[in-house]
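Notes follow the structure.
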Amino acid sequence: MPSRVELCKVGDVAVGEVRRVEAADFTLAVYNLAGEFYATDDACTHGPGQLSEGFVDGDTIECNFHQGRFDIRTGECVGPPCMVPVKTYKTIVEDGRVFVELG
Ligand code: FES
């Protein structure tokens with residue numbers, strides 16, 4: 001059964017930005033795409049890059065390490081050299097706070 005964990009306040013991540021958040025035993029990258037919040041694992045699936053240190057470009061995140069790209073909404077790889085999708089998490093916004101369901 002997934003448990004709901006608070007990540008941050010809505011105002012903590014500006015539109016078009018990403019922020020690293022540690023929650024429970026997870027290290028996540030939290031994104032604000034035009035007011036919609038998304039979360040993925042922070043660790044790049046390709047190597048030592050951290051997606052929260054990358055660059056948000058539209059609905060994609062570019063890893064700062066080898067410039068691989070993922071779709072923020074789905075986690076799919078959309079630019080090489082990444083081959084393995086990054087895990088995404090369902091977010092919930094309530095009372096100005098962003099939560100994620102971790103299972
Ligand atoms: S570590 Fe992210 S693209 Fe290589």
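Each chain in the structure tokens gets a letter, A, B and so on, in the order shown; residues start at 1 in every chain, and ligands are counted from 1 in the order they appear.
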(Q) Need the shell around A:Gly49: protein/DNA/RNA residues with any atom at most 6 Å away, counting only C-alpha atoms. Skip same-chain ones fewer than 2 positions apart. Format as a list in words? (A) Cys44, Gly47 and Phe65 of chain A
Q) A:His46: which residues within 9 Å, counting only C-alpha atoms, same-chain residues fewer than 4 positions away excluded, as an NGL selection string? A) :A and (66 or 68 or 81-84)
Expected file: the selected residues, N, CA and C atoms, as a compact mmCIF listing (two decimals), in the first residue's frame:
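Below you can see again08.txt, which holds the result:
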# COMPACT_ATOMS: atom_id res chain seq x y z
N HIS A 66 25.62 13.84 -19.22
CA HIS A 66 25.90 13.55 -20.64
C HIS A 66 24.80 14.09 -21.54
N GLY A 68 21.69 13.47 -21.65
CA GLY A 68 20.56 12.61 -21.98
C GLY A 68 19.26 13.29 -21.56
N PRO A 81 22.37 9.75 -24.37
CA PRO A 81 22.62 8.30 -24.41
C PRO A 81 21.73 7.49 -23.47
N CYS A 82 20.71 8.05 -22.88
CA CYS A 82 19.86 7.29 -21.97
C CYS A 82 19.13 6.18 -22.72
N MET A 83 19.03 5.02 -22.08
CA MET A 83 18.33 3.89 -22.68
C MET A 83 17.21 3.39 -21.77
N VAL A 84 17.32 3.65 -20.49
CA VAL A 84 16.38 3.11 -19.51
C VAL A 84 15.51 4.26 -18.98
Q | Counting only C-alpha atoms, the option among A:Leu51, A:Val56, A:Val86, A:Val13 closest to A:Ala29 | A | A:Leu51
Q) Among chain A, which residues carry a DSSP assignment of strand (DSSP E), reported as a PyMOL selection string? A) chain A and resi 3-9+18-23+26-33+36-41+55-57+60-62+69-71+77-79+88-89+91-94+97-102
Q) Near A:Val5, counting only C-alpha atoms, which residues have an atom at most 10 Å away, once you skip same-chain residues fewer than 5 positions from it, shown as a list in words? A)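 Listed by chain and then number, they are Ala23, Ala24, Thr91, Ile92, Val98, Phe99, Val100, Glu101 and Leu102 of chain A.
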Q: Would you please give, as a ChimeraX atom specification, all residues of chain A that DSSP assigns to helix (DSSP H, G or I) based on the backbone?
A: /A:10-12,51-53
Using only C-alpha atoms, please write the residues we just selected to a file, as a CSV table (one decimal), in the first residue's frame.
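File produced: again23.csv:
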chain,number,residue,atom,x,y,z
A,10,VAL,CA,3.8,24.6,-4.1
A,11,GLY,CA,5.8,27.9,-4.0
A,12,ASP,CA,9.1,26.0,-3.4
A,51,LEU,CA,18.3,15.2,-12.8
A,52,SER,CA,17.6,18.0,-10.3
A,53,GLU,CA,20.9,19.5,-11.4
